[in-house]
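Pasting input24.cif here (mmCIF, C-alpha atoms):
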```cif
data_data
loop_
_atom_site.group_PDB
_atom_site.id
_atom_site.type_symbol
_atom_site.label_atom_id
_atom_site.label_comp_id
_atom_site.auth_asym_id
_atom_site.auth_seq_id
_atom_site.Cartn_x
_atom_site.Cartn_y
_atom_site.Cartn_z
ATOM 1 C CA MET Z 280 3.233 -2.986 -2.777
ATOM 2 C CA ALA Z 281 -0.281 -1.838 -3.615
ATOM 3 C CA GLU Z 282 0.181 -3.095 -7.177
ATOM 4 C CA VAL Z 283 1.236 -6.542 -5.948
ATOM 5 C CA GLU Z 284 -1.736 -6.721 -3.579
ATOM 6 C CA ALA Z 285 -4.089 -5.704 -6.388
ATOM 7 C CA SER Z 286 -2.672 -8.337 -8.720
ATOM 8 C CA VAL Z 287 -3.066 -11.048 -6.046
ATOM 9 C CA ARG Z 288 -6.655 -9.942 -5.456
ATOM 10 C CA ASP Z 289 -7.324 -9.980 -9.200
ATOM 11 C CA LEU Z 290 -5.877 -13.477 -9.603
ATOM 12 C CA VAL Z 291 -7.897 -14.789 -6.657
ATOM 13 C CA ASN Z 292 -11.082 -13.186 -7.994
ATOM 14 C CA ARG Z 293 -10.514 -14.834 -11.362
ATOM 15 C CA ASP Z 294 -9.764 -18.188 -9.660
ATOM 16 C CA ARG Z 295 -6.174 -18.240 -10.946
ATOM 17 C CA ASP Z 296 -2.949 -19.422 -9.313
ATOM 18 C CA CYS Z 297 -1.539 -16.534 -7.300
ATOM 19 C CA THR Z 298 1.342 -18.392 -5.627
ATOM 20 C CA GLU Z 299 4.163 -16.354 -7.158
ATOM 21 C CA ARG Z 300 2.491 -12.980 -6.616
ATOM 22 C CA ALA Z 301 1.483 -13.911 -3.052
ATOM 23 C CA ARG Z 302 5.094 -14.898 -2.279
ATOM 24 C CA ALA Z 303 6.280 -11.594 -3.713
ATOM 25 C CA GLN Z 304 3.761 -9.819 -1.476
ATOM 26 C CA MET Z 305 4.980 -11.706 1.596
ATOM 27 C CA ASP Z 306 8.602 -10.880 0.685
ATOM 28 C CA LEU Z 307 7.721 -7.192 0.470
ATOM 29 C CA ARG Z 308 6.018 -7.358 3.869
ATOM 30 C CA ARG Z 309 9.099 -9.058 5.353
ATOM 31 C CA LYS Z 310 11.327 -6.315 3.932
ATOM 32 C CA ILE Z 311 9.065 -3.608 5.343
ATOM 33 C CA ASN Z 312 9.078 -5.272 8.758
ATOM 34 C CA LEU Z 313 12.880 -5.528 8.608
ATOM 35 C CA LEU Z 314 13.172 -1.840 7.695
ATOM 36 C CA ILE Z 315 10.835 -0.865 10.540
ATOM 37 C CA GLY Z 316 12.892 -2.983 12.928
ATOM 38 C CA GLU Z 317 16.104 -1.293 11.783
ATOM 39 C CA TRP Z 318 14.485 2.121 12.097
ATOM 40 C CA LYS Z 319 13.355 1.361 15.660
ATOM 41 C CA ALA Z 320 16.813 -0.014 16.556
ATOM 42 C CA ALA Z 321 18.323 3.234 15.291
ATOM 43 C CA GLY Z 322 16.172 5.204 17.715
ATOM 44 C CA GLY Z 323 13.014 5.712 15.714
ATOM 45 C CA GLY Z 324 10.093 5.858 18.080
ATOM 46 C CA ASP Z 325 7.442 7.835 16.255
ATOM 47 C CA VAL Z 326 4.107 6.222 15.592
ATOM 48 C CA LEU Z 327 4.032 5.323 11.923
ATOM 49 C CA PRO Z 328 0.863 6.270 10.036
ATOM 50 C CA ASP Z 329 -1.429 3.519 8.858
ATOM 51 C CA ILE Z 330 -3.505 3.702 5.690
ATOM 52 C CA ARG Z 331 -6.416 5.492 7.404
ATOM 53 C CA ASP Z 332 -4.074 8.230 8.615
ATOM 54 C CA ARG Z 333 -2.501 8.591 5.196
ATOM 55 C CA MET Z 334 -5.867 8.848 3.463
ATOM 56 C CA ARG Z 335 -7.016 11.476 5.971
ATOM 57 C CA LEU Z 336 -3.876 13.543 5.325
ATOM 58 C CA ARG Z 337 -4.147 13.322 1.527
ATOM 59 C CA PRO Z 338 -5.455 16.588 0.085
ATOM 60 C CA LEU Z 339 -8.771 16.368 -1.697
ATOM 61 C CA LYS Z 340 -8.536 16.809 -5.440
ATOM 62 C CA SER Z 341 -10.279 19.996 -6.430
ATOM 63 C CA GLU Z 342 -12.330 19.957 -9.566
ATOM 64 C CA SER Z 343 -11.157 22.362 -12.209
ATOM 65 C CA ARG Z 344 -13.346 25.423 -12.362
ATOM 66 C CA PRO Z 345 -13.949 27.342 -15.568
ATOM 67 C CA ALA Z 346 -11.971 30.556 -15.805
ATOM 68 C CA ARG Z 347 -13.895 33.809 -15.388
ATOM 69 C CA CYS Z 348 -13.625 36.255 -18.270
#
```

Structure rendered as structure tokens:
Amino acid sequence: MAEVEASVRDLVNRDRDCTERARAQMDLRRKINLLIGEWKAAGGGDVLPDIRDRMRLRPLKSESRPARC
């Protein structure tokens, strides 16, 4: 989904027609909403993480350190 959003943003920034990509993005969002609805109907009640939560939980990449001899 992130790739589709990036391509829509790129097309808009370059003043190009983004109709097809934007429709694909909306279809993906509909599918996600449907899946969330099914999950909740099946008893899922946990709070789903948003992007800020996911970024906070992502481990920081450590820079490679030279090996000691």

>> Let me make sure I understand: among Z:Arg293, Z:Glu299, Z:Arg308, Z:Gly316, which one has the smallest atom-to-atom distance to Ala281 in chain Z if we use all atoms listed in the file?
In response: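 The shortest atom-to-atom distance to Ala281 in chain Z comes from Z:Arg308.
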
> Which one is closest to Asp306 in chain Z: Z:Val291, Z:Ala320, Z:Met334, Z:Met280? Count all atoms listed in the file.
Replying inline: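 Under the stated criterion, the closest residue is Z:Met280.
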
> Counting all atoms listed in the file, which of Z:Ala321, Z:Ile315, Z:Leu290, Z:Val283 gets nearest to Ala303 in chain Z?
Replying inline: Z:Val283

> Interatomic distance between CA of Val287 in chain Z and CA of Met305 in chain Z?
Replying inline: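 Distance reported for this atom pair: 11.1 Å.
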
> Looking at Z:Asp294, Z:Glu284, Z:Asp289, Z:Asp329, which one is nearest to Leu307 in chain Z, with distances taken over only C-alpha atoms?
Replying inline: Z:Glu284

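The space between CA of Arg337 in chain Z and CA of Gly323 in chain Z spans 23.5 Å.
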
> Of the residues Z:Asp325, Z:Leu336, Z:Glu317, Z:Thr298, which is the one nearest to Ser286 in chain Z, using all atoms listed in the file?
Replying inline: Z:Thr298

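Closest approach to Glu282 in chain Z among Z:Arg295, Z:Lys319, Z:Arg333, Z:Ala301 is made by Z:Ala301 (distances from all atoms listed in the file).
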
>> As an exercise, work out the distance from CA of Pro338 in chain Z to CA of Gly324 in chain Z in Å and give it to one decimal place.
In response: 26.1 Å

Please supply range 317-338 of chain Z, rebuilt with N, CA, C and O atoms, as a PDB file, keeping the file's coordinate frame.
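Writing done, so here's selection_38.pdb:
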```pdb
ATOM      1  N   GLU Z 317      14.843  -2.042  11.832  1.00  0.00           N
ATOM      2  CA  GLU Z 317      16.104  -1.293  11.783  1.00  0.00           C
ATOM      3  C   GLU Z 317      15.894   0.154  12.193  1.00  0.00           C
ATOM      4  O   GLU Z 317      16.728   0.739  12.892  1.00  0.00           O
ATOM      5  N   TRP Z 318      14.792   0.734  11.742  1.00  0.00           N
ATOM      6  CA  TRP Z 318      14.485   2.121  12.097  1.00  0.00           C
ATOM      7  C   TRP Z 318      14.302   2.259  13.600  1.00  0.00           C
ATOM      8  O   TRP Z 318      14.826   3.190  14.213  1.00  0.00           O
ATOM      9  N   LYS Z 319      13.562   1.317  14.215  1.00  0.00           N
ATOM     10  CA  LYS Z 319      13.355   1.361  15.660  1.00  0.00           C
ATOM     11  C   LYS Z 319      14.663   1.148  16.405  1.00  0.00           C
ATOM     12  O   LYS Z 319      14.921   1.796  17.416  1.00  0.00           O
ATOM     13  N   ALA Z 320      15.523   0.239  15.917  1.00  0.00           N
ATOM     14  CA  ALA Z 320      16.813  -0.014  16.556  1.00  0.00           C
ATOM     15  C   ALA Z 320      17.713   1.212  16.478  1.00  0.00           C
ATOM     16  O   ALA Z 320      18.554   1.425  17.351  1.00  0.00           O
ATOM     17  N   ALA Z 321      17.522   2.026  15.454  1.00  0.00           N
ATOM     18  CA  ALA Z 321      18.323   3.234  15.291  1.00  0.00           C
ATOM     19  C   ALA Z 321      17.764   4.406  16.090  1.00  0.00           C
ATOM     20  O   ALA Z 321      18.269   5.518  15.998  1.00  0.00           O
ATOM     21  N   GLY Z 322      16.710   4.148  16.867  1.00  0.00           N
ATOM     22  CA  GLY Z 322      16.172   5.204  17.715  1.00  0.00           C
ATOM     23  C   GLY Z 322      14.843   5.750  17.261  1.00  0.00           C
ATOM     24  O   GLY Z 322      14.304   6.660  17.891  1.00  0.00           O
ATOM     25  N   GLY Z 323      14.312   5.234  16.185  1.00  0.00           N
ATOM     26  CA  GLY Z 323      13.014   5.712  15.714  1.00  0.00           C
ATOM     27  C   GLY Z 323      11.920   5.267  16.664  1.00  0.00           C
ATOM     28  O   GLY Z 323      11.819   4.096  16.999  1.00  0.00           O
ATOM     29  N   GLY Z 324      11.138   6.207  17.135  1.00  0.00           N
ATOM     30  CA  GLY Z 324      10.093   5.858  18.080  1.00  0.00           C
ATOM     31  C   GLY Z 324       8.753   6.484  17.750  1.00  0.00           C
ATOM     32  O   GLY Z 324       7.795   6.314  18.489  1.00  0.00           O
ATOM     33  N   ASP Z 325       8.699   7.209  16.650  1.00  0.00           N
ATOM     34  CA  ASP Z 325       7.442   7.835  16.255  1.00  0.00           C
ATOM     35  C   ASP Z 325       6.425   6.775  15.872  1.00  0.00           C
ATOM     36  O   ASP Z 325       6.778   5.685  15.427  1.00  0.00           O
ATOM     37  N   VAL Z 326       5.170   7.108  16.040  1.00  0.00           N
ATOM     38  CA  VAL Z 326       4.107   6.222  15.592  1.00  0.00           C
ATOM     39  C   VAL Z 326       3.986   6.374  14.083  1.00  0.00           C
ATOM     40  O   VAL Z 326       3.799   7.482  13.581  1.00  0.00           O
ATOM     41  N   LEU Z 327       4.118   5.274  13.375  1.00  0.00           N
ATOM     42  CA  LEU Z 327       4.032   5.323  11.923  1.00  0.00           C
ATOM     43  C   LEU Z 327       2.572   5.374  11.494  1.00  0.00           C
ATOM     44  O   LEU Z 327       1.730   4.704  12.091  1.00  0.00           O
ATOM     45  N   PRO Z 328       2.263   6.157  10.472  1.00  0.00           N
ATOM     46  CA  PRO Z 328       0.863   6.270  10.036  1.00  0.00           C
ATOM     47  C   PRO Z 328       0.391   4.979   9.366  1.00  0.00           C
ATOM     48  O   PRO Z 328       1.173   4.308   8.696  1.00  0.00           O
ATOM     49  N   ASP Z 329      -0.855   4.642   9.584  1.00  0.00           N
ATOM     50  CA  ASP Z 329      -1.429   3.519   8.858  1.00  0.00           C
ATOM     51  C   ASP Z 329      -2.205   4.091   7.669  1.00  0.00           C
ATOM     52  O   ASP Z 329      -2.222   5.303   7.447  1.00  0.00           O
ATOM     53  N   ILE Z 330      -2.851   3.246   6.914  1.00  0.00           N
ATOM     54  CA  ILE Z 330      -3.505   3.702   5.690  1.00  0.00           C
ATOM     55  C   ILE Z 330      -4.614   4.706   5.973  1.00  0.00           C
ATOM     56  O   ILE Z 330      -4.807   5.658   5.226  1.00  0.00           O
ATOM     57  N   ARG Z 331      -5.345   4.532   7.086  1.00  0.00           N
ATOM     58  CA  ARG Z 331      -6.416   5.492   7.404  1.00  0.00           C
ATOM     59  C   ARG Z 331      -5.843   6.877   7.658  1.00  0.00           C
ATOM     60  O   ARG Z 331      -6.381   7.875   7.187  1.00  0.00           O
ATOM     61  N   ASP Z 332      -4.707   6.938   8.370  1.00  0.00           N
ATOM     62  CA  ASP Z 332      -4.074   8.230   8.615  1.00  0.00           C
ATOM     63  C   ASP Z 332      -3.601   8.865   7.309  1.00  0.00           C
ATOM     64  O   ASP Z 332      -3.759  10.059   7.092  1.00  0.00           O
ATOM     65  N   ARG Z 333      -3.014   8.054   6.458  1.00  0.00           N
ATOM     66  CA  ARG Z 333      -2.501   8.591   5.196  1.00  0.00           C
ATOM     67  C   ARG Z 333      -3.629   9.105   4.310  1.00  0.00           C
ATOM     68  O   ARG Z 333      -3.490  10.130   3.654  1.00  0.00           O
ATOM     69  N   MET Z 334      -4.739   8.403   4.285  1.00  0.00           N
ATOM     70  CA  MET Z 334      -5.867   8.848   3.463  1.00  0.00           C
ATOM     71  C   MET Z 334      -6.458  10.140   4.026  1.00  0.00           C
ATOM     72  O   MET Z 334      -6.881  11.014   3.276  1.00  0.00           O
ATOM     73  N   ARG Z 335      -6.488  10.265   5.341  1.00  0.00           N
ATOM     74  CA  ARG Z 335      -7.016  11.476   5.971  1.00  0.00           C
ATOM     75  C   ARG Z 335      -6.123  12.680   5.676  1.00  0.00           C
ATOM     76  O   ARG Z 335      -6.600  13.803   5.533  1.00  0.00           O
ATOM     77  N   LEU Z 336      -4.811  12.449   5.562  1.00  0.00           N
ATOM     78  CA  LEU Z 336      -3.876  13.543   5.325  1.00  0.00           C
ATOM     79  C   LEU Z 336      -3.772  13.927   3.846  1.00  0.00           C
ATOM     80  O   LEU Z 336      -3.289  15.006   3.529  1.00  0.00           O
ATOM     81  N   ARG Z 337      -4.235  13.062   2.958  1.00  0.00           N
ATOM     82  CA  ARG Z 337      -4.147  13.322   1.527  1.00  0.00           C
ATOM     83  C   ARG Z 337      -5.084  14.470   1.164  1.00  0.00           C
ATOM     84  O   ARG Z 337      -6.251  14.451   1.527  1.00  0.00           O
ATOM     85  N   PRO Z 338      -4.582  15.467   0.464  1.00  0.00           N
ATOM     86  CA  PRO Z 338      -5.455  16.588   0.085  1.00  0.00           C
ATOM     87  C   PRO Z 338      -6.520  16.126  -0.908  1.00  0.00           C
ATOM     88  O   PRO Z 338      -6.266  15.287  -1.767  1.00  0.00           O
TER      89      PRO Z 338
END
```
